[in-house]
Structure formats: C-alpha cells, structure tokens
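Following: one structure in structure tokens, then a few remarks.
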Amino acid sequence: MSDTPAFPLEVTGIIIDILGDEQDLDTLKACSLTCRAFVPLSRKHIFSTLEIDTDYDVASRRPLERLLSISDPVVFDSIRKISIRVTLYHPECPSLPTFLLKITKLKSLFLCACGRMSTANWSKLSEAIRRALLHLMHLPTLTHLRLLMFFKNFPVSGIVSCNSLIGLDTEGVLLEIDHLPTTSRTHMIQEYTMQMNSNTTRGLLSTKLANGDPAFDFTMLRKLTLTCGGDHGVSATHHLLERVKHLEVLKYRVCAREHFRHLASLTARSARTLKILDLEAYPGRNSRFGPISSAADPSPFILGLCKELEEMSDRNVVETIKLKIDASLGWPGDAWENLDIVLTKSGWSKLKHVSITLNIVCWPWRRNEEALQTALDTLPKTQLIRLAKSNTVDFKITGRLKYY
C-alpha cells in the first residue's frame, strides 16, 4: 500500500463518493487497500450501512466478533443506517452494547427480534442491550425507525423520545403505554408503515403528551405503506387517513384472495394529492394451487381492482400506477381488458406511467410452460391494447414464470 495517491485527493474523493452512491462495496474495499490516503475516504462508505445478526452460527460468529471489535472513531462517525436482528434465545453478544453506544450520527434504524411470538418480550432483553438500542433511537440525527420485532410490551415512550423522527414502521409491535417524559414534543410523521389488523396504529393515535397534544401528528404524512390481510383494522386505517391532508404515495399490499377492497374509500380524502399508487398482491399462506380464485384464474381479482379504480376515476391526480402480482396462477386470466379500459378513460387525465409485473408459478407436472409464457408475452396485443398504444401513458409490462 502506497502513501501518496497518483491523482489529486480532491478528484479521488469525488470518484470514491460516486462509488459510495452506487453502493459498489467491492470496488470501495479495493480502493481502501490501494493507498493509505484512500482508507478514510472509502471507509465512510463501506461502513455507512451495517447489518448485525446476533442469531449467528459458528461460521458467522467470527466476522461478527471482528466487526464488534472495531474501535476506530471514523467508523462510528460513518454509520448512517443499521439493521439489527436481536435473538431472544441465544446468549447476547457481550460486546454489542458497547459497539452500539459509540454510534453518534445514525439516520436509519431497523430493529428485528427473532424468537417465538409467545416469548418475544422487550423486557426479556438485557438492560445493557435495551439501553444501547434506546441510545440509537434517541440520537438527534435519527429520522427513520423501523420496528419489525413482534415484541410485547414495547414502551411507547421509547418512540416518543425520538428527536427527529419523520419515518416510522411499527409492524408487529405491541405497544405499552407507559409514562412519557415531560420534555417530549409532537412528531410530524411523513412516512408510515402499518398493518390494517394491528392495534399499534390505534395506540399511536391515542398517545397524548403531558400538555394534551398528540404525540404523533400524521397531518403531513406523505407516504403510507399499508399491508392488508382482511377487513380487520379498516376503521383504524380510516381514522388515520382522516387526519392526513397531503398523502402523495400509497403502497398497498394485499393477500391475493382479499383483493384491493376499500382502495377507493381509503384514498378518497387524498384524491387531490395522491400521485403514486403502488399495488402488490402476494399469495395467501394457505393457498397452493390458486390463491386468487379456486379456478386459478385472476379474473375476479382484476375485476375487483377495476371496480375500485372505477370509483376513483374523475376525482384523482394519480400520475403513476404500479401493479405487481406474485401468485400461484394457472393462467393469466381474461379480465385484463377491463383494466385496459378503466385506465384509458378520461377520468385518469394525469396518468403518465403504468407498470405491471406478473410473477406466475409454473408447476412442472402441468407441462404448460410454453402456453403460459405465450399468454404473458401477448397480453399487450390481446387485452392491454389501449395502454400499449397510448401516446400519453408510458406503459410497461413484465411477465415471468417461476418454476417449482
């Protein structure tokens, strides 16, 4: 390793920053071994995003121990995003709390607990790890918090005490309303992820500060990611959206058997601000051959979606619609023409982009791969003709077979 770079350090720094923006870790690591002057320039990108999994096996234990043994202040100042998977049934890493307490400029924290839901309890973690995790949550630089923990009794004060929170994801967390610090202030949430059948949202909406103000204000919410497994929690979702005035992006995930029910009613209050509609259907857990309908035909699903979109027409400013269907289907169905008609009506005057992604399971014993692929490839010519020929809408469709 040389001491002096061949190019001016300012030029090299710009190049390394570009590599960091592209997350080209292999090249960044190679740069850090080229010249001593490159080490701090590369390190700030190499360590900007970390993943820590304490549910380690023998093979992954040594890399984790090496990471946790780092003492260079430059590394801790470089960490901006961290994902931590905390185990509830293995002994905790004794050096993990010390490592986490040295982080000072974190922007995004993803915390996940691995363990059975019956045993996943915040109080079961050691005091040292809880203190370290709360330290990260309460850093003044933290803006995005994702808690995918299935924890019981997670103190709502831990979230309220965050300083600069604008993005919040609380899937799977059972909150405990505890004593809130008097210095807490209202958080203006701009990005939120929720499950419709979760009581967490109700808990957040009902949490009040000592002066009576809401702990979480959703009026400035810009992006909502919503996962629906049925009709449970629809009222809580409506209660949330009643407070929203400027929603711009809705990502709506449903079990394919449920359809996109309530889509029109959920977006009604944001009709003049909603610009991006990101819809995704995933297979149901108990389905094997046809999660969308018993005949393995997505037509009822597509017709249900068309009904919701029909209700939204003439009162929307949506510019982009993304539709992804990932399901065990035997045939692409014959209802896509209805979607083609709905989205090319005058009621979607602002629509500029439509993309459809179909991932269809191909069962080996059916031996119908060629017919399935042909049906997918010809959809733009057979059922989505208007969108494919539109001069105002940029239309893209991707069809892929999954083999099992």
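The chains in the structure tokens are called A, B, ... from first to last as shown; in each chain the residues are counted from 1, and the ligands are counted from 1 in the order shown.
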Requested in this report: Mind checking which residues fall within 10 Å of A:Phe99, counting only C-alpha atoms, ignoring those fewer than 6 positions away in the same chain, and posting them as number ranges by chain?
Outcome: A: 67-71, 76, 132
Report task. Mind checking which residues fall within 8 Å of A:Thr227, counting only C-alpha atoms, ignoring those fewer than 6 positions away in the same chain, and posting them as a list of chain:residue names? Result -> A:Met194, A:Gln195, A:Met196, A:Tyr252, A:Arg253, A:Val254
Generate a file of the selected residues that holds C-alpha atoms, formatted as a PDB file, in the first residue's frame.
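Resulting contents of selection-v1.pdb:
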ATOM      1  CA  MET A 194     -48.742  -0.223   9.154  1.00  0.00           C
ATOM      2  CA  GLN A 195     -50.781  -3.418   9.137  1.00  0.00           C
ATOM      3  CA  MET A 196     -54.537  -2.978   8.902  1.00  0.00           C
ATOM      4  CA  TYR A 252     -50.931  -1.107  -0.693  1.00  0.00           C
ATOM      5  CA  ARG A 253     -50.131  -4.799  -0.195  1.00  0.00           C
ATOM      6  CA  VAL A 254     -52.899  -7.391  -0.005  1.00  0.00           C
TER       7      VAL A 254
END
**Report entry** Option closest in space to A:Asn121, from A:Leu109, A:Leu96, A:Ala281, A:Leu175 [counting only C-alpha atoms]
**Finding:** A:Leu175
Report task. Give the strand (DSSP E or B) residues of stretch 191-258 of chain A, as DSSP finds them on the backbone, and put them as JSON, numbers by chain. Result -> {"A": [191, 192, 193, 194, 195, 208, 214, 216, 217, 223, 224, 225, 226, 227, 228, 249, 250, 251, 252, 253, 254, 255]}
Query - Residue contacts of A:Leu358 (8 Å, only C-alpha atoms) excluding same-chain residues fewer than 3 positions away, as a VMD selection string - result: chain A and resid 324 to 326 397 to 400
Report task. For A:Gln190, list every protein, DNA or RNA residue within 12 Å, evaluated using only C-alpha atoms, and leave out those in the same chain fewer than 6 positions away; present the list as a list in words. Result ->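 What passes the distance filter is Thr143, His144, Leu145, Ser164, Leu165, Ile166, Gly167, Leu168, Asp169, Phe216, Asp217, Phe218, Thr219, Met220, Leu221, Arg222, Lys223, Leu224, Thr225, Val244, Lys245, His246, Leu247, Glu248 and Val249 of chain A.
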Please identify all polymer residues within 9 Å of A:Ile276, counting only C-alpha atoms, omitting same-chain residues fewer than 4 positions from it, and present them as a PDB file with C-alpha atoms, in the first residue's frame.
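Full text of around-v8.pdb as output:
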ATOM      1  CA  GLU A 248     -48.717  11.544  -2.158  1.00  0.00           C
ATOM      2  CA  VAL A 249     -47.660   7.878  -2.203  1.00  0.00           C
ATOM      3  CA  LEU A 250     -49.717   4.829  -1.215  1.00  0.00           C
ATOM      4  CA  LYS A 251     -48.141   1.389  -1.246  1.00  0.00           C
ATOM      5  CA  VAL A 318     -52.614   9.942  -9.902  1.00  0.00           C
ATOM      6  CA  GLU A 319     -49.572  10.050 -12.178  1.00  0.00           C
ATOM      7  CA  THR A 320     -48.069   6.598 -11.622  1.00  0.00           C
ATOM      8  CA  ILE A 321     -49.671   3.186 -11.055  1.00  0.00           C
ATOM      9  CA  LYS A 322     -47.542   0.140 -10.276  1.00  0.00           C
TER      10      LYS A 322
END
Requested in this report: Might you pull out every residue within 12 Å of A:Ser265, with only C-alpha atoms counted and same-chain residues fewer than 5 positions away left off, and present them as an MDAnalysis selection string?
Outcome: chainID A and resid 234:235 237:239 241:242 260 270:271 307:312
Query raised in the report: How many Å separate atom CA of A:Tyr282 from atom CA of A:Arg261?
Result: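 One can read the atom CA of A:Tyr282 to atom CA of A:Arg261 distance as 14.5 Å.
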Query raised in the report: If you run DSSP on this backbone, which residues of stretch 49-253 of chain A come out as alpha helix (DSSP H), and could you give them as a PyMOL selection string?
Result: chain A and resi 58-68+73-78+96-101+127-137+156-160+200-206+234-241
Query raised in the report: Using only C-alpha atoms, which residue out of A:Thr170, A:Ser48, A:Thr344, A:Asn338 lies closest to A:Leu148?
Result: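 Selected residue with least distance to A:Leu148: A:Thr170.
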Report task. Measuring atom to atom with only C-alpha atoms, identify which of A:Asn199, A:Ser78, A:Thr98, A:Thr374 is nearest to A:Leu174. Result ->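 Nearest candidate to A:Leu174 out of A:Asn199, A:Ser78, A:Thr98, A:Thr374: A:Asn199.
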